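J.: Structure file upload31.cif, mmCIF, C-alpha atoms, is pasted below:
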data_protein
loop_
_atom_site.label_atom_id
_atom_site.label_comp_id
_atom_site.auth_asym_id
_atom_site.auth_seq_id
_atom_site.Cartn_x
_atom_site.Cartn_y
_atom_site.Cartn_z
CA MET A 739 -25.53 126.89 64.29
CA HIS A 740 -28.31 128.12 66.56
CA LEU A 741 -31.41 126.36 67.77
CA HIS A 742 -34.85 127.86 67.61
CA ARG A 743 -37.74 126.57 69.68
CA ARG A 744 -40.47 124.76 67.83
CA GLN A 745 -43.92 126.16 68.53
CA ASN A 746 -45.68 122.78 68.43
CA ASP A 747 -43.45 120.83 70.80
CA ALA A 748 -45.48 120.71 73.99
CA LYS A 749 -42.77 119.02 76.03
CA VAL A 750 -39.86 121.16 74.86
CA SER A 751 -38.76 123.40 77.71
CA SER A 752 -39.18 127.10 77.03
CA THR A 753 -35.43 127.68 77.28
CA ALA A 754 -32.99 124.95 76.37
CA SER A 755 -30.53 126.07 79.02
CA ALA A 756 -33.06 126.59 81.81
CA ASN A 757 -31.21 124.33 84.24
CA ALA A 758 -27.70 125.18 83.13
CA PRO A 759 -25.20 127.15 85.22
CA LYS A 760 -24.94 130.82 84.29
CA SER A 761 -21.16 131.05 84.56
CA SER A 762 -19.14 133.21 82.21
CA ILE A 763 -15.47 133.83 81.58
CA ALA A 764 -15.85 137.25 83.16
CA THR A 765 -17.29 135.89 86.42
CA ASP A 766 -15.28 132.70 86.93
CA PRO A 767 -12.14 133.56 88.92
CA ASN A 768 -10.58 130.18 88.14
CA ALA A 769 -10.78 130.46 84.35
CA THR A 770 -9.09 133.04 82.16
CA PRO A 771 -8.51 132.96 78.41
CA SER A 772 -4.75 133.35 78.87
CA ASP A 773 -4.23 130.08 80.76
CA PHE A 774 -6.56 127.97 78.64
CA LYS A 775 -5.19 125.08 76.59
CA VAL A 776 -7.38 123.07 74.23
CA PRO A 777 -7.60 119.44 75.43
CA THR A 778 -6.16 116.73 73.22
CA PRO A 779 -7.21 113.11 72.58
CA PHE A 780 -5.25 110.29 74.22
CA ASP A 781 -3.44 112.72 76.52
CA THR A 782 -2.56 110.04 79.07
CA ALA A 783 -0.14 107.15 78.63
CA LEU A 784 -1.21 104.76 75.91
CA SER A 785 -1.60 101.08 76.67
CA ASN A 786 1.32 98.77 75.96
CA ASN A 787 -1.11 96.25 74.53
CA TYR A 788 -0.46 97.10 70.87
CA THR A 789 1.33 95.47 68.01
CA ALA A 790 4.50 97.36 67.13
CA SER A 791 3.04 98.65 63.88
CA CYS A 792 -0.08 99.94 65.62
CA ALA A 793 1.88 101.69 68.36
CA ALA A 794 3.96 103.41 65.67
CA PHE A 795 0.82 104.52 63.83
CA PHE A 796 -0.68 106.00 67.00
CA ARG A 797 2.47 108.01 67.64
CA THR A 798 2.36 109.28 64.07
CA PHE A 799 -1.30 110.22 63.78
CA LEU A 800 -1.51 111.86 67.20
CA THR A 801 1.25 114.27 66.16
CA ASN A 802 -0.20 114.81 62.68
CA LYS A 803 -0.71 118.57 62.26
CA ASP A 804 -3.87 118.23 60.19
CA PHE A 805 -5.35 115.98 62.87
CA SER A 806 -4.38 118.10 65.87
CA GLU A 807 -5.61 121.33 64.30
CA CYS A 808 -9.10 119.83 64.00
CA HIS A 809 -9.44 119.52 67.81
CA PRO A 810 -11.82 116.55 67.34
CA PHE A 811 -14.60 116.56 69.93
CA SER A 812 -15.48 113.01 68.87
CA LEU A 813 -12.12 111.72 70.08
CA MET A 814 -11.83 113.94 73.15
CA LEU A 815 -15.14 112.69 74.49
CA GLN A 816 -13.79 109.28 75.53
CA THR A 817 -10.02 109.56 75.50
CA SER A 818 -9.02 112.95 76.93
CA SER A 819 -8.45 113.57 80.63
CA GLY A 820 -8.08 117.27 79.82
CA PHE A 821 -11.53 117.26 78.26
CA PHE A 822 -12.93 115.46 81.30
CA ASP A 823 -11.48 118.17 83.54
CA ALA A 824 -12.78 120.94 81.27
CA SER A 825 -16.26 119.42 81.49
CA LYS A 826 -16.38 120.30 85.19
CA SER A 827 -16.52 124.00 84.34
CA PHE A 828 -19.08 125.75 82.14
CA VAL A 829 -16.39 128.25 81.18
CA ARG A 830 -13.72 125.70 80.34
CA ILE A 831 -15.99 123.46 78.30
CA THR A 832 -17.30 126.51 76.43
CA GLN A 833 -13.74 127.53 75.59
CA THR A 834 -13.07 123.98 74.40
CA LEU A 835 -16.15 123.95 72.19
CA GLU A 836 -15.25 127.32 70.72
CA ALA A 837 -11.97 125.75 69.59
CA THR A 838 -13.47 122.51 68.29
CA CYS A 839 -16.20 124.35 66.37
CA ARG A 840 -13.92 126.99 64.84
CA VAL A 841 -12.36 124.54 62.37
CA ASP A 842 -13.31 123.66 58.79
CA MET A 843 -15.69 120.72 59.27
CA THR A 844 -15.46 119.48 55.68
CA LYS A 845 -11.67 119.46 55.65
CA CYS A 846 -11.48 117.83 59.07
CA THR A 847 -14.05 115.19 58.14
CA ASP A 848 -11.86 114.24 55.18
CA THR A 849 -8.83 114.08 57.47
CA MET A 850 -10.61 111.87 60.01
CA ASN A 851 -11.98 109.49 57.36
CA HIS A 852 -8.53 109.16 55.83
CA LEU A 853 -6.96 108.39 59.21
CA ALA A 854 -9.72 105.87 59.99
CA ARG A 855 -8.93 103.95 56.81
CA GLU A 856 -5.22 104.05 57.58
CA LEU A 857 -5.79 102.99 61.20
CA ILE A 858 -7.33 99.65 60.24
CA GLY A 859 -4.90 99.07 57.38
CA ASP A 860 -2.86 95.86 57.34
CA ASN A 861 0.37 97.76 57.96
CA ASN A 862 -1.00 99.62 60.99
CA CYS A 863 -3.66 98.44 63.45
CA ALA A 864 -5.63 95.79 61.53
CA VAL A 865 -4.68 93.02 63.96
CA ASP A 866 -5.40 95.17 67.02
CA TYR A 867 -8.75 96.23 65.57
CA ALA A 868 -9.70 92.63 64.83
CA ASN A 869 -8.80 91.73 68.42
CA ASP A 870 -11.03 94.51 69.80
CA ASN A 871 -8.22 96.50 71.38
CA PRO A 872 -10.23 99.09 73.39
CA GLN A 873 -8.13 102.13 72.47
CA VAL A 874 -8.03 101.18 68.80
CA ILE A 875 -11.82 100.78 68.78
CA GLN A 876 -12.22 104.14 70.53
CA ALA A 877 -9.89 105.78 68.02
CA TYR A 878 -11.64 104.27 65.00
CA ASN A 879 -15.16 105.08 66.18
CA GLY A 880 -14.08 108.59 67.16
CA LEU A 881 -12.56 109.18 63.74
CA ILE A 882 -15.54 108.02 61.69
CA ALA A 883 -18.05 109.75 64.00
CA TYR A 884 -16.32 113.12 63.66
CA GLU A 885 -18.99 114.77 61.49
CA PRO A 886 -22.16 113.90 63.45
CA LEU A 887 -20.49 114.85 66.72
CA TYR A 888 -19.09 118.07 65.28
CA GLN A 889 -22.58 119.09 64.21
CA ALA A 890 -24.17 118.08 67.51
CA SER A 891 -21.52 119.58 69.78
CA CYS A 892 -21.62 122.93 67.96
CA LEU A 893 -25.36 123.47 68.46
CA LYS A 894 -26.32 126.46 70.59
CA ASP A 895 -29.51 127.34 72.43
CA ASP A 896 -31.46 130.58 72.03
CA ALA A 897 -29.30 132.26 74.68
CA GLY A 898 -26.13 131.50 72.71
CA SER A 899 -24.80 128.78 75.01
CA TYR A 900 -23.50 125.52 73.59
CA CYS A 901 -26.01 122.73 74.15
CA TYR A 902 -23.27 120.33 75.20
CA ALA A 903 -21.91 122.81 77.76
CA ASN A 904 -25.39 123.10 79.24
CA ALA A 905 -25.81 119.33 79.31
CA VAL A 906 -22.49 118.34 80.85
CA THR A 907 -22.63 121.00 83.59
CA ASN A 908 -26.29 120.47 84.50
CA ARG A 909 -25.92 118.95 87.97
CA SER A 910 -29.68 118.50 88.36
CA ALA A 911 -29.84 116.16 85.32
CA ILE A 912 -26.60 114.20 85.20
CA THR A 913 -27.74 112.02 82.29
CA ASP A 914 -28.05 114.97 79.89
CA PRO A 915 -24.63 114.34 78.25
CA TYR A 916 -25.32 110.65 77.60
CA PRO A 917 -26.93 111.03 74.14
CA TYR A 918 -23.68 112.53 72.83
CA TYR A 919 -22.02 109.11 73.19
CA LEU A 920 -24.44 107.42 70.78
CA PRO A 921 -22.35 108.15 67.64
CA LEU A 922 -19.42 106.39 69.32
CA GLY A 923 -21.38 103.15 69.59
CA VAL A 924 -22.32 103.54 73.26
CA PRO A 925 -25.99 102.64 73.86
CA LEU A 926 -28.13 104.92 76.01
CA PRO A 927 -28.26 103.31 79.48
CA GLY A 928 -31.68 102.11 80.58
CA GLY A 929 -33.47 104.62 82.76
CA THR A 930 -31.72 107.64 81.25
CA ARG A 931 -33.88 110.75 81.75
CA ALA A 932 -32.30 113.48 79.66
CA THR A 933 -33.94 116.91 79.81
CA CYS A 934 -36.65 117.20 77.14
CA ASN A 935 -35.60 120.47 75.53
CA SER A 936 -34.89 121.83 72.07
CA CYS A 937 -31.19 121.00 72.40
CA LEU A 938 -31.91 117.30 72.88
CA GLN A 939 -34.44 117.36 70.07
CA ASP A 940 -32.04 118.92 67.57
CA VAL A 941 -29.12 116.72 68.64
CA MET A 942 -31.24 113.64 68.01
CA ALA A 943 -32.38 115.04 64.66
CA ILE A 944 -28.73 115.25 63.61
CA PHE A 945 -28.07 111.72 64.81
CA SER A 946 -31.15 110.45 62.99
CA SER A 947 -29.74 111.77 59.72
CA PHE A 948 -26.58 109.69 60.19
CA ALA A 949 -28.15 106.59 61.74
CA GLY A 950 -29.27 105.20 58.39
CA ASN A 951 -25.61 104.83 57.41
CA THR A 952 -24.59 101.35 58.52
CA THR A 953 -20.92 102.33 58.45
CA GLN A 954 -21.56 104.67 61.40
CA PRO A 955 -21.75 103.33 64.99
CA ILE A 956 -24.87 105.48 65.53
CA SER A 957 -26.70 103.04 63.23
CA GLN A 958 -26.52 100.49 66.05
CA THR A 959 -27.50 102.79 68.92
CA TYR A 960 -29.99 105.33 67.57
CA ASN A 961 -33.25 103.40 67.51
CA GLY A 962 -33.04 102.16 71.09
CA ALA A 963 -32.16 105.64 72.34
CA ALA A 964 -34.96 107.24 70.32
CA GLN A 965 -37.48 104.85 71.85
CA GLN A 966 -36.31 105.69 75.37
CA ILE A 967 -36.41 109.42 74.72
CA GLY A 968 -39.82 109.11 73.06
CA ILE A 969 -41.21 107.46 76.18
CA ALA A 970 -39.81 110.21 78.40
CA CYS A 971 -40.47 113.22 76.18
CA GLY A 972 -43.56 112.21 74.23
CA THR A 973 -44.50 110.78 70.87
CA GLY A 974 -43.09 112.81 68.02
CA PHE A 975 -40.38 114.45 70.11
CA VAL A 976 -37.71 112.63 68.07
CA ASN A 977 -37.73 110.42 64.99
CA GLN A 978 -38.27 106.89 66.26
CA THR A 979 -36.19 105.42 63.45
CA ALA A 980 -33.26 106.65 61.42
CA THR A 981 -33.89 109.06 58.57
CA PRO A 982 -33.41 107.17 55.26
CA LEU A 983 -30.16 107.91 53.49
CA LYS A 984 -30.26 110.01 50.34
CA ALA A 985 -26.95 108.68 49.04
CA ALA A 986 -24.89 105.53 49.28
CA ALA A 987 -22.57 105.27 52.25
CA ALA A 988 -18.82 105.00 51.99
CA THR A 989 -17.46 101.49 52.46
CA MET A 990 -16.20 100.95 56.00
CA THR A 991 -16.74 98.54 58.83
CA ILE A 992 -17.54 99.44 62.41
CA SER A 993 -17.14 97.90 65.80
CA MET A 994 -19.10 98.65 68.92
CA THR A 995 -17.21 100.46 71.66
CA PRO A 996 -16.22 98.12 74.50
CA ALA A 997 -18.32 98.07 77.64
CA ILE A 998 -15.60 99.89 79.56
CA THR A 999 -16.56 103.11 77.78
CA VAL A 1000 -20.08 102.86 79.17
CA VAL A 1001 -18.59 102.83 82.66
CA PHE A 1002 -16.56 105.92 81.78
CA MET A 1003 -19.68 107.63 80.52
CA LEU A 1004 -21.58 106.85 83.71
CA LEU A 1005 -18.74 108.21 85.81
CA LEU A 1006 -18.93 111.46 83.88
CA GLY A 1007 -22.07 112.38 85.76
CA PHE A 1008 -20.47 112.01 89.18
CA PHE A 1009 -17.44 114.29 88.97
CA VAL A 1010 -16.97 116.87 91.66
#
Mind turning this structure into structure tokens?

T.:
Amino acid sequence: MHLHRRQNDAKVSSTASANAPKSSIATDPNATPSDFKVPTPFDTALSNNYTASCAAFFRTFLTNKDFSECHPFSLMLQTSSGFFDASKSFVRITQTLEATCRVDMTKCTDTMNHLARELIGDNNCAVDYANDNPQVIQAYNGLIAYEPLYQASCLKDDAGSYCYANAVTNRSAITDPYPYYLPLGVPLPGGTRATCNSCLQDVMAIFSSFAGNTTQPISQTYNGAAQQIGIACGTGFVNQTATPLKAAAATMTISMTPAITVVFMLLLGFFV
């Protein structure tokens, strides 16, 4: 999915990737296709703070072939150290996005929704979810936010670069990746000054279309973020409220991501 600049957006930068590094696989001596491995969610040791049934479910779903073949960006974003490392390199994060965007979105959305329902089932992690276990909340929000984050992370600018790759490697605007955390229930920190370009505008348009669904965490974070971005980028740059739903939402409950994830997000801008 490619972005095209809107002629009437006065504050949209002329090129969405104007401040992004111009690295490529051919010019980065530290990155070659042959040694690349797609990051995986929860690739560090899991907490011991689980009920036995929940720990068993995590072990099962993380090795589920249908799940792993989807390479879910929405779960990597908060839980993958490999993804964090890949985000330090324009080449590596581009390779990662090529893998996450190459899958069948419809099939993977069905897989993630099914796993989300199972996750909070009485025989799995219902107790842990009710007790706000941080990793269970991250897993649940990442599963149900798969579709909006797939769509947003697969956007490209006019030059063919992934918008997220531009954002996360833009050292002159370290808050550019922050809007991507909104679908996971992480509010936009006060004072965030993301670059006002067509990538940000189209990412927020996608999020607006999901924010009217109260089963999605973005329903709790979109309006505040849109107001902040509107102040910085101008009236009309983004929808100030969620786009009304055209169909009834599926029945699910959501929980806001714990505050610890906000700290993780802030640290993302200060890697070396």

J.: Which residue, A:Thr973, A:Thr907, A:Ser891, A:Gln873, has the smallest gap to Phe945 of chain A when you use all atoms listed in the file?

T.: A:Ser891

J.: Using Å and a single decimal, report how far atom CA of Val941 of chain A sits from atom CA of Phe780 of chain A.

T.: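 Taking atom CA of Phe780 of chain A and atom CA of Val941 of chain A, their separation equals 25.3 Å.
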
J.: Which residues are close to Asn851 of chain A, i.e. within 10 Å by all atoms listed in the file, leaving aside same-chain residues fewer than 5 positions away? Reply as a PyMOL selection string.

T.: chain A and resi 846+856-857+878+881-885+988+990

J.: Would you mind reading off the distance between atom CA of Leu784 of chain A and atom CA of Gly880 of chain A, one decimal, in Å?

T.: 16.0 Å

J.: May I have the centre and edge lengths, in Å to one decimal, of an axis-aligned box around the listed atoms of segment 789-808 of chain A with 5 Å added to every side, as AutoDock Vina command-line options?

T.:
--center_x -2.3 --center_y 108.4 --center_z 64.3 --size_x 23.6 --size_y 35.9 --size_z 18.2
